[in-house]
file run.pdb (PDB, C-alpha atoms, pLDDT in the B column)
ATOM      1  CA  MET A1241     110.730 113.168 117.380  1.00 55.00           C
ATOM      2  CA  GLY A1242     109.621 109.875 115.897  1.00 81.00           C
ATOM      3  CA  ALA A1243     111.876 107.719 113.783  1.00 84.00           C
ATOM      4  CA  TRP A1244     109.795 108.201 110.634  1.00 83.00           C
ATOM      5  CA  LYS A1245     109.790 111.976 111.123  1.00 85.00           C
ATOM      6  CA  LEU A1246     113.561 111.987 111.417  1.00 86.00           C
ATOM      7  CA  PHE A1247     113.894 109.727 108.379  1.00 85.00           C
ATOM      8  CA  ALA A1248     111.520 111.961 106.392  1.00 87.00           C
ATOM      9  CA  LEU A1249     113.603 115.000 107.343  1.00 87.00           C
ATOM     10  CA  VAL A1250     116.798 113.287 106.153  1.00 86.00           C
ATOM     11  CA  ASN A1251     115.068 112.333 102.911  1.00 86.00           C
ATOM     12  CA  VAL A1252     113.900 115.930 102.347  1.00 87.00           C
ATOM     13  CA  LEU A1253     117.423 117.218 102.965  1.00 86.00           C
ATOM     14  CA  LEU A1254     118.943 114.725 100.530  1.00 83.00           C
ATOM     15  CA  ALA A1255     116.355 115.558  97.858  1.00 82.00           C
ATOM     16  CA  SER A1256     116.914 119.298  98.330  1.00 82.00           C
ATOM     17  CA  PHE A1257     120.667 118.986  97.705  1.00 81.00           C
ATOM     18  CA  SER A1258     120.013 118.023  94.114  1.00 75.00           C
ATOM     19  CA  LEU A1259     117.889 121.116  93.404  1.00 76.00           C
ATOM     20  CA  ARG A1260     120.915 123.154  92.363  1.00 74.00           C
ATOM     21  CA  TYR A1261     121.697 120.715  89.531  1.00 70.00           C
ATOM     22  CA  LEU A1262     118.135 120.584  88.192  1.00 70.00           C
ATOM     23  CA  GLY A1263     118.888 122.623  85.046  1.00 71.00           C
ATOM     24  CA  SER A1264     121.718 120.340  83.974  1.00 70.00           C
ATOM     25  CA  TYR A1265     119.817 117.046  84.260  1.00 70.00           C
ATOM     26  CA  ASP A1266     118.993 114.806  81.357  1.00 77.00           C
ATOM     27  CA  PRO A1267     115.458 113.320  81.093  1.00 79.00           C
ATOM     28  CA  GLY A1268     116.383 110.203  83.071  1.00 75.00           C
ATOM     29  CA  GLN A1269     117.760 112.269  85.926  1.00 78.00           C
ATOM     30  CA  ILE A1270     114.669 114.503  85.929  1.00 80.00           C
ATOM     31  CA  ILE A1271     112.467 111.409  86.319  1.00 81.00           C
ATOM     32  CA  ASN A1272     114.716 110.196  89.127  1.00 80.00           C
ATOM     33  CA  PHE A1273     114.481 113.622  90.782  1.00 82.00           C
ATOM     34  CA  ALA A1274     110.668 113.570  90.487  1.00 83.00           C
ATOM     35  CA  ILE A1275     110.588 110.149  92.171  1.00 85.00           C
ATOM     36  CA  GLU A1276     112.828 111.445  94.958  1.00 85.00           C
ATOM     37  CA  VAL A1277     110.684 114.552  95.543  1.00 86.00           C
ATOM     38  CA  LEU A1278     107.427 112.583  95.545  1.00 89.00           C
ATOM     39  CA  SER A1279     108.975 110.058  97.933  1.00 89.00           C
ATOM     40  CA  ALA A1280     110.059 112.827 100.286  1.00 89.00           C
ATOM     41  CA  ILE A1281     106.566 114.336 100.211  1.00 88.00           C
ATOM     42  CA  GLY A1282     104.994 110.944 100.882  1.00 89.00           C
ATOM     43  CA  LEU A1283     107.263 110.246 103.845  1.00 88.00           C
ATOM     44  CA  VAL A1284     106.553 113.662 105.370  1.00 89.00           C
ATOM     45  CA  LEU A1285     102.818 113.126 104.947  1.00 87.00           C
ATOM     46  CA  MET A1286     103.063 109.661 106.476  1.00 86.00           C
ATOM     47  CA  SER A1287     105.156 110.787 109.432  1.00 85.00           C
ATOM     48  CA  PHE A1288     102.692 113.565 110.283  1.00 84.00           C
ATOM     49  CA  GLU A1289      99.685 111.302 109.550  1.00 82.00           C
ATOM     50  CA  LEU A1290      98.241 113.573 106.870  1.00 82.00           C
ATOM     51  CA  THR A1291      96.156 112.188 104.020  1.00 83.00           C
ATOM     52  CA  PHE A1292      96.869 113.371 100.481  1.00 83.00           C
ATOM     53  CA  LEU A1293      96.160 111.568  97.202  1.00 85.00           C
ATOM     54  CA  PRO A1294      94.719 108.048  97.064  1.00 84.00           C
ATOM     55  CA  ARG A1295      96.547 105.309  98.938  1.00 84.00           C
ATOM     56  CA  LYS A1296      96.956 103.363  95.691  1.00 87.00           C
ATOM     57  CA  PHE A1297      99.155 106.197  94.398  1.00 89.00           C
ATOM     58  CA  TRP A1298     101.562 105.805  97.319  1.00 88.00           C
ATOM     59  CA  ARG A1299     101.677 102.021  96.942  1.00 89.00           C
ATOM     60  CA  ALA A1300     102.413 102.437  93.224  1.00 90.00           C
ATOM     61  CA  LEU A1301     105.181 104.909  94.060  1.00 90.00           C
ATOM     62  CA  ALA A1302     106.579 102.409  96.572  1.00 90.00           C
ATOM     63  CA  CYS A1303     106.683  99.771  93.824  1.00 90.00           C
ATOM     64  CA  ILE A1304     108.505 102.250  91.580  1.00 91.00           C
ATOM     65  CA  VAL A1305     111.076 102.893  94.325  1.00 89.00           C
ATOM     66  CA  PHE A1306     111.564  99.140  94.828  1.00 89.00           C
ATOM     67  CA  ALA A1307     111.986  98.681  91.060  1.00 90.00           C
ATOM     68  CA  LYS A1308     114.469 101.562  90.987  1.00 85.00           C
ATOM     69  CA  CYS A1309     116.552  99.796  93.661  1.00 82.00           C
ATOM     70  CA  PHE A1310     116.470  96.552  91.711  1.00 83.00           C
ATOM     71  CA  PHE A1311     117.460  98.209  88.432  1.00 80.00           C
ATOM     72  CA  MET A1312     120.255 100.161  90.101  1.00 76.00           C
ATOM     73  CA  ILE A1313     121.761  96.954  91.463  1.00 74.00           C
ATOM     74  CA  VAL A1314     121.324  95.020  88.216  1.00 73.00           C
ATOM     75  CA  GLY A1315     122.405  98.010  86.134  1.00 71.00           C
ATOM     76  CA  TRP A1316     125.557  98.403  88.147  1.00 66.00           C
ATOM     77  CA  GLY A1317     126.540  94.798  87.526  1.00 61.00           C
ATOM     78  CA  VAL A1318     125.584  94.706  83.841  1.00 58.00           C
ATOM     79  CA  VAL A1319     126.336  98.196  82.533  1.00 59.00           C
ATOM     80  CA  GLU A1320     129.316  99.258  84.595  1.00 59.00           C
ATOM     81  CA  GLN A1321     131.043  95.867  84.542  1.00 56.00           C
ATOM     82  CA  SER A1322     133.678  97.123  86.922  1.00 59.00           C
ATOM     83  CA  PRO A1323     134.787  95.268  90.007  1.00 61.00           C
ATOM     84  CA  LEU A1324     133.004  96.139  93.197  1.00 59.00           C
ATOM     85  CA  ASP A1325     135.732  97.341  95.484  1.00 65.00           C
ATOM     86  CA  GLY A1326     134.984  98.148  99.111  1.00 65.00           C
ATOM     87  CA  HIS A1327     133.894 101.765  98.651  1.00 69.00           C
ATOM     88  CA  VAL A1328     131.658 101.091  95.665  1.00 70.00           C
ATOM     89  CA  LEU A1329     130.022  98.128  97.375  1.00 71.00           C
ATOM     90  CA  GLU A1330     129.403 100.175 100.526  1.00 75.00           C
ATOM     91  CA  ALA A1331     127.850 102.982  98.493  1.00 76.00           C
ATOM     92  CA  LEU A1332     125.646 100.548  96.562  1.00 77.00           C
ATOM     93  CA  LEU A1333     124.471  98.825  99.747  1.00 78.00           C
ATOM     94  CA  LEU A1334     123.788 102.149 101.469  1.00 81.00           C
ATOM     95  CA  PHE A1335     121.834 103.383  98.446  1.00 80.00           C
ATOM     96  CA  THR A1336     119.818 100.168  98.347  1.00 81.00           C
ATOM     97  CA  LEU A1337     119.061 100.107 102.071  1.00 84.00           C
ATOM     98  CA  PHE A1338     118.060 103.764 102.130  1.00 85.00           C
ATOM     99  CA  HIS A1339     115.750 103.474  99.133  1.00 83.00           C
ATOM    100  CA  PHE A1340     114.318 100.206 100.407  1.00 86.00           C
ATOM    101  CA  ALA A1341     113.399 102.020 103.644  1.00 86.00           C
ATOM    102  CA  VAL A1342     111.826 104.821 101.584  1.00 87.00           C
ATOM    103  CA  GLY A1343     109.797 102.289  99.598  1.00 87.00           C
ATOM    104  CA  TYR A1344     108.754 100.497 102.772  1.00 87.00           C
ATOM    105  CA  GLY A1345     107.598 103.768 104.341  1.00 87.00           C
ATOM    106  CA  LEU A1346     105.593 104.655 101.240  1.00 86.00           C
ATOM    107  CA  TRP A1347     104.049 101.177 101.203  1.00 87.00           C
ATOM    108  CA  LEU A1348     103.027 101.562 104.839  1.00 85.00           C
ATOM    109  CA  TYR A1349     101.549 104.977 104.095  1.00 85.00           C
ATOM    110  CA  GLY A1350      99.618 103.542 101.151  1.00 83.00           C
ATOM    111  CA  SER A1351      98.218 100.633 103.131  1.00 81.00           C
ATOM    112  CA  GLU A1352      97.780 102.261 106.523  1.00 60.00           C
ATOM    113  CA  HIS A1353      94.085 101.660 107.108  1.00 57.00           C
ATOM    114  CA  GLU A1354      93.278  98.973 104.564  1.00 49.00           C
ATOM    115  CA  GLN A1355      95.620  96.088 105.321  1.00 48.00           C
ATOM    116  CA  HIS A1356      96.115  96.417 109.053  1.00 46.00           C
ATOM    117  CA  ALA A1357      92.603  95.556 110.213  1.00 47.00           C
ATOM    118  CA  ASP A1358      91.749  93.270 113.122  1.00 49.00           C
ATOM    119  CA  VAL A1359      91.827  89.567 112.397  1.00 45.00           C
ATOM    120  CA  PRO A1360      88.331  88.047 112.611  1.00 53.00           C
ATOM    121  CA  GLN A1361      87.905  85.322 115.210  1.00 50.00           C
ATOM    122  CA  LEU A1362      86.950  81.911 113.850  1.00 55.00           C
ATOM    123  CA  VAL A1363      86.171  80.231 117.184  1.00 55.00           C
ATOM    124  CA  ARG A1364      82.573  80.365 118.391  1.00 56.00           C
ATOM    125  CA  HIS A1365      82.055  81.400 121.951  1.00 53.00           C
ATOM    126  CA  SER A1366      79.509  78.590 122.607  1.00 54.00           C
ATOM    127  CA  SER A1367      82.100  75.908 121.855  1.00 51.00           C
ATOM    128  CA  LEU A1368      84.372  77.307 124.585  1.00 52.00           C
ATOM    129  CA  ARG A1369      81.826  76.555 127.307  1.00 52.00           C
ATOM    130  CA  GLU A1370      81.575  72.836 126.530  1.00 50.00           C
TER
END

call {"tool": "encode", "arguments": {"input": "run.pdb", "output": "structure tokens"}}
result
Amino acid sequence: MGAWKLFALVNVLLASFSLRYLGSYDPGQIINFAIEVLSAIGLVLMSFELTFLPRKFWRALACIVFAKCFFMIVGWGVVEQSPLDGHVLEALLLFTLFHFAVGYGLWLYGSEHEQHADVPQLVRHSSLRE
């Protein structure tokens, strides 16, 4: 099993754990849950090389995931204003690394065939013979 398939499976499992709390979420948590579910779907589609929705959608979702990571880190420092002890710092770093990997996978899925083309050669073949 490929690394992205395994990572997509872990992401699906983590997103499915929060299904049981769906009725008790506030609007912000529902938006967060929607981002998590869409991310899990995108990673599964990418890992099995299936095409669904425009690639721009997946790149936009990747940007949203990156922004979510940034705001979680900044929000923790500004809103919580509590000292980062070892356990909290580990949890924050793990959250950030995991979601950064999710965003990176979605970005790759959104740019799979557009940005990874062959580099055109600038050297003429006739100048090599001289």

call {"tool": "closest_residue", "arguments": {"input": "run.pdb", "among": "A:Phe1306, A:Tyr1349, A:Tyr1265, A:Phe1273", "to": "Thr1336 in chain A", "atoms": "all atoms listed in the file"}}
result
A:Phe1306

call {"tool": "atom_distance", "arguments": {"input": "run.pdb", "atom1": "CA of Ala1302 in chain A", "atom2": "CA of Gly1263 in chain A"}}
result
26.3 Å

call {"tool": "residues_around", "arguments": {"input": "run.pdb", "residues": "range 1287-1296 of chain A", "least_positions_apart": "5", "cutoff": "7 Å", "atoms": "only C-alpha atoms", "output": "mmCIF file with C-alpha atoms, in the coordinates of the input"}}
result
data_model
loop_
_atom_site.group_PDB
_atom_site.id
_atom_site.type_symbol
_atom_site.label_atom_id
_atom_site.label_comp_id
_atom_site.auth_asym_id
_atom_site.auth_seq_id
_atom_site.Cartn_x
_atom_site.Cartn_y
_atom_site.Cartn_z
ATOM 1 C CA TRP A 1244 109.795 108.201 110.634
ATOM 2 C CA LYS A 1245 109.790 111.976 111.123
ATOM 3 C CA GLY A 1350 99.618 103.542 101.151
ATOM 4 C CA SER A 1351 98.218 100.633 103.131
#

call {"tool": "axis_aligned_box", "arguments": {"input": "run.pdb", "around": "range 1272-1288 of chain A", "padding_each_side": "6 Å", "output": "JSON"}}
result
{"center_x": 108.7, "center_y": 112.1, "center_z": 99.7, "size_x": 24.0, "size_y": 16.9, "size_z": 33.2}

call {"tool": "atom_distance", "arguments": {"input": "run.pdb", "atom1": "CA of Ala1274 in chain A", "atom2": "CA of Ala1307 in chain A"}}
result
15.0 Å

call {"tool": "atom_distance", "arguments": {"input": "run.pdb", "atom1": "CA of Ile1271 in chain A", "atom2": "CA of Leu1253 in chain A"}}
result
18.3 Å

call {"tool": "decode", "arguments": {"input": "run.pdb", "residues": "range 1261-1283 of chain A", "atoms": "C-alpha atoms", "output": "PDB file, in the first residue's frame"}}
result
ATOM      1  CA  TYR A1261     -20.411  14.763  17.840  1.00  0.00           C
ATOM      2  CA  LEU A1262     -21.879  16.340  14.700  1.00  0.00           C
ATOM      3  CA  GLY A1263     -25.194  17.314  16.337  1.00  0.00           C
ATOM      4  CA  SER A1264     -23.503  19.204  19.155  1.00  0.00           C
ATOM      5  CA  TYR A1265     -21.213  21.351  16.990  1.00  0.00           C
ATOM      6  CA  ASP A1266     -21.442  25.093  16.710  1.00  0.00           C
ATOM      7  CA  PRO A1267     -21.213  26.720  13.235  1.00  0.00           C
ATOM      8  CA  GLY A1268     -17.431  27.093  13.417  1.00  0.00           C
ATOM      9  CA  GLN A1269     -16.980  23.425  14.230  1.00  0.00           C
ATOM     10  CA  ILE A1270     -19.340  22.411  11.411  1.00  0.00           C
ATOM     11  CA  ILE A1271     -17.202  24.392   8.947  1.00  0.00           C
ATOM     12  CA  ASN A1272     -14.090  22.740  10.361  1.00  0.00           C
ATOM     13  CA  PHE A1273     -15.751  19.328  10.005  1.00  0.00           C
ATOM     14  CA  ALA A1274     -16.696  20.099   6.380  1.00  0.00           C
ATOM     15  CA  ILE A1275     -13.072  21.024   5.635  1.00  0.00           C
ATOM     16  CA  GLU A1276     -11.893  17.783   7.240  1.00  0.00           C
ATOM     17  CA  VAL A1277     -14.365  15.642   5.267  1.00  0.00           C
ATOM     18  CA  LEU A1278     -13.546  17.340   1.960  1.00  0.00           C
ATOM     19  CA  SER A1279      -9.834  16.940   2.694  1.00  0.00           C
ATOM     20  CA  ALA A1280     -10.290  13.242   3.398  1.00  0.00           C
ATOM     21  CA  ILE A1281     -12.227  12.805   0.151  1.00  0.00           C
ATOM     22  CA  GLY A1282      -9.557  14.679  -1.795  1.00  0.00           C
ATOM     23  CA  LEU A1283      -6.740  12.578  -0.358  1.00  0.00           C
TER      24      LEU A1283
END
